[in-house]
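Peer 1: My structure is in target-v3.txt, and what it holds is compact mmCIF, N, CA and C atoms:
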# COMPACT_ATOMS: atom_id res chain seq x y z
N MET A 1 128.06 81.13 87.12
CA MET A 1 129.40 81.62 87.33
C MET A 1 130.32 80.44 87.65
N ARG A 2 131.49 80.45 87.05
CA ARG A 2 132.43 79.36 87.21
C ARG A 2 133.32 79.56 88.43
N LYS A 3 133.53 78.51 89.20
CA LYS A 3 134.45 78.60 90.33
C LYS A 3 135.87 78.41 89.83
N LEU A 4 136.81 79.15 90.40
CA LEU A 4 138.21 79.02 90.03
C LEU A 4 138.94 78.24 91.11
N ASN A 5 139.74 77.31 90.70
CA ASN A 5 140.56 76.54 91.64
C ASN A 5 141.88 77.27 91.86
N LEU A 6 142.40 77.23 93.07
CA LEU A 6 143.70 77.83 93.32
C LEU A 6 144.73 77.14 92.45
N GLY A 7 145.60 77.92 91.85
CA GLY A 7 146.62 77.35 90.99
C GLY A 7 146.17 77.17 89.56
N GLN A 8 144.90 77.43 89.29
CA GLN A 8 144.40 77.29 87.92
C GLN A 8 144.93 78.44 87.08
N GLU A 9 145.40 78.12 85.89
CA GLU A 9 145.90 79.16 85.00
C GLU A 9 144.71 79.81 84.29
N LEU A 10 144.69 81.12 84.28
CA LEU A 10 143.58 81.85 83.67
C LEU A 10 143.97 82.32 82.28
N SER A 11 142.98 82.38 81.39
CA SER A 11 143.23 82.93 80.06
C SER A 11 143.42 84.44 80.19
N LYS A 12 143.96 85.05 79.13
CA LYS A 12 144.16 86.51 79.17
C LYS A 12 142.84 87.23 79.36
N SER A 13 141.78 86.77 78.71
CA SER A 13 140.49 87.46 78.85
C SER A 13 139.95 87.32 80.27
N GLU A 14 140.17 86.18 80.92
CA GLU A 14 139.74 86.01 82.31
C GLU A 14 140.54 86.91 83.24
N GLN A 15 141.85 87.03 83.00
CA GLN A 15 142.68 87.91 83.81
C GLN A 15 142.21 89.36 83.66
N LYS A 16 141.88 89.76 82.45
CA LYS A 16 141.41 91.13 82.22
C LYS A 16 140.13 91.40 82.99
N LYS A 17 139.20 90.42 82.99
CA LYS A 17 137.94 90.59 83.71
C LYS A 17 138.17 90.76 85.20
N ILE A 18 139.07 89.98 85.76
CA ILE A 18 139.32 90.00 87.19
C ILE A 18 140.12 91.24 87.59
N LEU A 19 141.16 91.54 86.85
CA LEU A 19 142.08 92.60 87.26
C LEU A 19 141.74 93.96 86.69
N GLY A 20 141.02 94.03 85.59
CA GLY A 20 140.50 95.29 85.11
C GLY A 20 141.36 96.09 84.17
N GLY A 21 142.64 95.89 84.07
CA GLY A 21 143.46 96.68 83.18
C GLY A 21 144.84 96.10 83.04
N GLY A 22 145.63 96.73 82.21
CA GLY A 22 146.99 96.26 82.04
C GLY A 22 147.62 96.80 80.78
N ALA A 23 148.84 96.36 80.53
CA ALA A 23 149.58 96.82 79.36
C ALA A 23 150.65 95.81 78.99
N THR A 24 150.97 95.79 77.71
CA THR A 24 152.14 95.08 77.23
C THR A 24 153.13 96.15 76.81
N CYS A 25 154.35 96.05 77.32
CA CYS A 25 155.38 97.07 77.09
C CYS A 25 156.61 96.45 76.44
N THR A 26 157.32 97.25 75.64
CA THR A 26 158.66 96.83 75.24
C THR A 26 159.56 97.06 76.44
N THR A 27 160.69 96.37 76.49
CA THR A 27 161.62 96.54 77.60
C THR A 27 162.96 97.07 77.09
N SER A 28 163.73 97.66 77.98
CA SER A 28 165.03 98.20 77.60
C SER A 28 166.01 97.08 77.25
N TRP A 29 165.70 95.83 77.65
CA TRP A 29 166.60 94.72 77.35
C TRP A 29 166.13 93.93 76.12
N GLY A 30 165.19 94.50 75.35
CA GLY A 30 164.84 93.93 74.06
C GLY A 30 163.69 92.96 74.02
N GLY A 31 162.96 92.81 75.10
CA GLY A 31 161.81 91.90 75.10
C GLY A 31 160.52 92.66 75.28
N THR A 32 159.49 91.93 75.66
CA THR A 32 158.22 92.56 76.02
C THR A 32 157.79 92.03 77.38
N ALA A 33 156.99 92.81 78.07
CA ALA A 33 156.48 92.42 79.38
C ALA A 33 155.01 92.79 79.44
N THR A 34 154.19 91.88 79.95
CA THR A 34 152.75 92.12 80.08
C THR A 34 152.40 92.21 81.56
N THR A 35 151.68 93.26 81.91
CA THR A 35 151.26 93.49 83.29
C THR A 35 149.74 93.54 83.35
N TYR A 36 149.15 92.78 84.27
CA TYR A 36 147.72 92.85 84.54
C TYR A 36 147.57 93.51 85.90
N SER A 37 146.91 94.67 85.93
CA SER A 37 146.81 95.40 87.18
C SER A 37 145.61 96.34 87.15
N PRO A 38 144.93 96.52 88.27
CA PRO A 38 143.85 97.50 88.30
C PRO A 38 144.38 98.93 88.24
N TYR A 39 145.70 99.10 88.39
CA TYR A 39 146.30 100.43 88.41
C TYR A 39 146.91 100.84 87.08
N VAL A 40 147.01 99.93 86.14
CA VAL A 40 147.59 100.24 84.83
C VAL A 40 146.50 100.12 83.78
N ASN A 41 146.31 101.18 83.00
CA ASN A 41 145.33 101.16 81.92
C ASN A 41 145.83 102.04 80.78
N CYS A 42 145.04 102.24 79.76
CA CYS A 42 145.51 102.98 78.59
C CYS A 42 145.83 104.44 78.88
N SER A 43 145.25 105.02 79.91
CA SER A 43 145.52 106.42 80.19
C SER A 43 146.88 106.63 80.87
N ASN A 44 147.41 105.61 81.54
CA ASN A 44 148.71 105.78 82.20
C ASN A 44 149.76 104.76 81.78
N ALA A 45 149.46 103.96 80.76
CA ALA A 45 150.38 102.90 80.34
C ALA A 45 151.72 103.44 79.83
N ALA A 46 151.71 104.56 79.12
CA ALA A 46 152.96 105.10 78.57
C ALA A 46 153.94 105.44 79.69
N GLY A 47 153.47 106.10 80.73
CA GLY A 47 154.33 106.43 81.86
C GLY A 47 154.78 105.19 82.62
N TYR A 48 153.88 104.23 82.75
CA TYR A 48 154.22 102.98 83.44
C TYR A 48 155.31 102.23 82.68
N CYS A 49 155.13 102.06 81.38
CA CYS A 49 156.11 101.32 80.57
C CYS A 49 157.47 102.02 80.59
N ALA A 50 157.47 103.34 80.48
CA ALA A 50 158.74 104.07 80.49
C ALA A 50 159.41 103.98 81.85
N GLY A 51 158.64 104.13 82.92
CA GLY A 51 159.21 104.13 84.26
C GLY A 51 159.67 102.77 84.75
N VAL A 52 158.90 101.74 84.48
CA VAL A 52 159.20 100.40 85.00
C VAL A 52 160.13 99.63 84.08
N TYR A 53 159.87 99.71 82.77
CA TYR A 53 160.62 98.87 81.83
C TYR A 53 161.57 99.65 80.91
N GLY A 54 161.52 100.98 80.96
CA GLY A 54 162.36 101.77 80.06
C GLY A 54 161.95 101.58 78.61
N GLY A 55 160.65 101.32 78.39
CA GLY A 55 160.18 101.03 77.05
C GLY A 55 158.91 101.78 76.70
N THR A 56 158.23 101.29 75.69
CA THR A 56 157.02 101.93 75.19
C THR A 56 155.85 100.94 75.23
N VAL A 57 154.65 101.46 75.01
CA VAL A 57 153.44 100.64 75.05
C VAL A 57 153.27 99.89 73.73
N VAL A 58 153.04 98.59 73.82
CA VAL A 58 152.68 97.79 72.65
C VAL A 58 151.16 97.71 72.55
N SER A 59 150.50 97.43 73.68
CA SER A 59 149.04 97.40 73.75
C SER A 59 148.61 97.66 75.18
N CYS A 60 147.36 98.06 75.33
CA CYS A 60 146.82 98.31 76.68
C CYS A 60 145.33 98.01 76.67
N TRP A 61 144.74 97.85 77.86
CA TRP A 61 143.31 97.58 78.00
C TRP A 61 142.81 98.10 79.32
Would you mind writing the file's structure down as C-alpha cells?
Peer 2:
Amino acid sequence: MRKLNLGQELSKSEQKKILGGGATCTTSWGGTATTYSPYVNCSNAAGYCAGVYGGTVVSCW
C-alpha cells in the first residue's frame, strides 16, 4: 500500500477509491463541476446536480 503525502495531488481514480462516489454536473452558468463525495453517487446525482448547480448529470460513479 502506498503512503500519501499531505498536499499530494491524487488522480481521479485514487480520489474515487478514497471517497467512494461523486458526479460531474453541468452548471447553470455554463460550465461543469465535479464533486467527489461519499454522499453523492449515481442514485442521487440528478437531485444533487439540480439542487446545487442548477444543472444535470454528465457522469457519476
Peer 1: Give me, please, the distance in Å between atom CA of Ala33 of chain A and atom CA of Glu14 of chain A, quoted to one decimal.
Peer 2: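 Result for atom CA of Ala33 of chain A versus atom CA of Glu14 of chain A: 18.2 Å, one decimal.
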Peer 1: Extract, using only C-alpha atoms, all DNA, RNA and protein residues at most 7 Å from Val58 of chain A, discarding same-chain residues fewer than 5 positions from it, and format them as a PyMOL selection string.
Peer 2: chain A and resi 24-26
Peer 1: Find the distance between atom CA of Ser43 of chain A and atom CA of Glu9 of chain A and write it in Å to one decimal.
Peer 2: 27.7 Å
Peer 1: For a quick check of understanding, using only C-alpha atoms, which of A:Gly47, A:Gly31, A:Asn41, A:Gly20 has the smallest distance to Ser59 of chain A?
Peer 2: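 Going through A:Gly47, A:Gly31, A:Asn41, A:Gly20 one by one, the smallest distance to Ser59 of chain A is for A:Asn41.
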Peer 1: Quick one: residues within 8 Å of Cys49 of chain A, all atoms listed in the file counted, chain neighbours fewer than 2 positions away excluded, as number ranges by chain?
Peer 2: A: 23-27, 44-47, 51-58
Peer 1: Report, in Å to a single decimal, how far apart atom CA of Lys12 of chain A and atom CA of Cys42 of chain A are.
Peer 2: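 Spanning atom CA of Cys42 of chain A to atom CA of Lys12 of chain A is a straight-line distance of 16.5 Å.
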Peer 1: For the alpha helix (DSSP H) assignment from backbone DSSP, which residues of segment 9-55 of chain A qualify? Please present them as a PDB file with N, CA and C atoms, in the coordinates of the input.
Peer 2:
ATOM      1  N   LYS A  12     143.960  85.050  79.130  1.00  0.00           N
ATOM      2  CA  LYS A  12     144.160  86.510  79.170  1.00  0.00           C
ATOM      3  C   LYS A  12     142.840  87.230  79.360  1.00  0.00           C
ATOM      4  N   SER A  13     141.780  86.770  78.710  1.00  0.00           N
ATOM      5  CA  SER A  13     140.490  87.460  78.850  1.00  0.00           C
ATOM      6  C   SER A  13     139.950  87.320  80.270  1.00  0.00           C
ATOM      7  N   GLU A  14     140.170  86.180  80.920  1.00  0.00           N
ATOM      8  CA  GLU A  14     139.740  86.010  82.310  1.00  0.00           C
ATOM      9  C   GLU A  14     140.540  86.910  83.240  1.00  0.00           C
ATOM     10  N   GLN A  15     141.850  87.030  83.000  1.00  0.00           N
ATOM     11  CA  GLN A  15     142.680  87.910  83.810  1.00  0.00           C
ATOM     12  C   GLN A  15     142.210  89.360  83.660  1.00  0.00           C
ATOM     13  N   LYS A  16     141.880  89.760  82.450  1.00  0.00           N
ATOM     14  CA  LYS A  16     141.410  91.130  82.220  1.00  0.00           C
ATOM     15  C   LYS A  16     140.130  91.400  82.990  1.00  0.00           C
ATOM     16  N   LYS A  17     139.200  90.420  82.990  1.00  0.00           N
ATOM     17  CA  LYS A  17     137.940  90.590  83.710  1.00  0.00           C
ATOM     18  C   LYS A  17     138.170  90.760  85.200  1.00  0.00           C
ATOM     19  N   ILE A  18     139.070  89.980  85.760  1.00  0.00           N
ATOM     20  CA  ILE A  18     139.320  90.000  87.190  1.00  0.00           C
ATOM     21  C   ILE A  18     140.120  91.240  87.590  1.00  0.00           C
ATOM     22  N   LEU A  19     141.160  91.540  86.850  1.00  0.00           N
ATOM     23  CA  LEU A  19     142.080  92.600  87.260  1.00  0.00           C
ATOM     24  C   LEU A  19     141.740  93.960  86.690  1.00  0.00           C
ATOM     25  N   ALA A  45     149.460 103.960  80.760  1.00  0.00           N
ATOM     26  CA  ALA A  45     150.380 102.900  80.340  1.00  0.00           C
ATOM     27  C   ALA A  45     151.720 103.440  79.830  1.00  0.00           C
ATOM     28  N   ALA A  46     151.710 104.560  79.120  1.00  0.00           N
ATOM     29  CA  ALA A  46     152.960 105.100  78.570  1.00  0.00           C
ATOM     30  C   ALA A  46     153.940 105.440  79.690  1.00  0.00           C
ATOM     31  N   GLY A  47     153.470 106.100  80.730  1.00  0.00           N
ATOM     32  CA  GLY A  47     154.330 106.430  81.860  1.00  0.00           C
ATOM     33  C   GLY A  47     154.780 105.190  82.620  1.00  0.00           C
ATOM     34  N   TYR A  48     153.880 104.230  82.750  1.00  0.00           N
ATOM     35  CA  TYR A  48     154.220 102.980  83.440  1.00  0.00           C
ATOM     36  C   TYR A  48     155.310 102.230  82.680  1.00  0.00           C
TER      37      TYR A  48
END
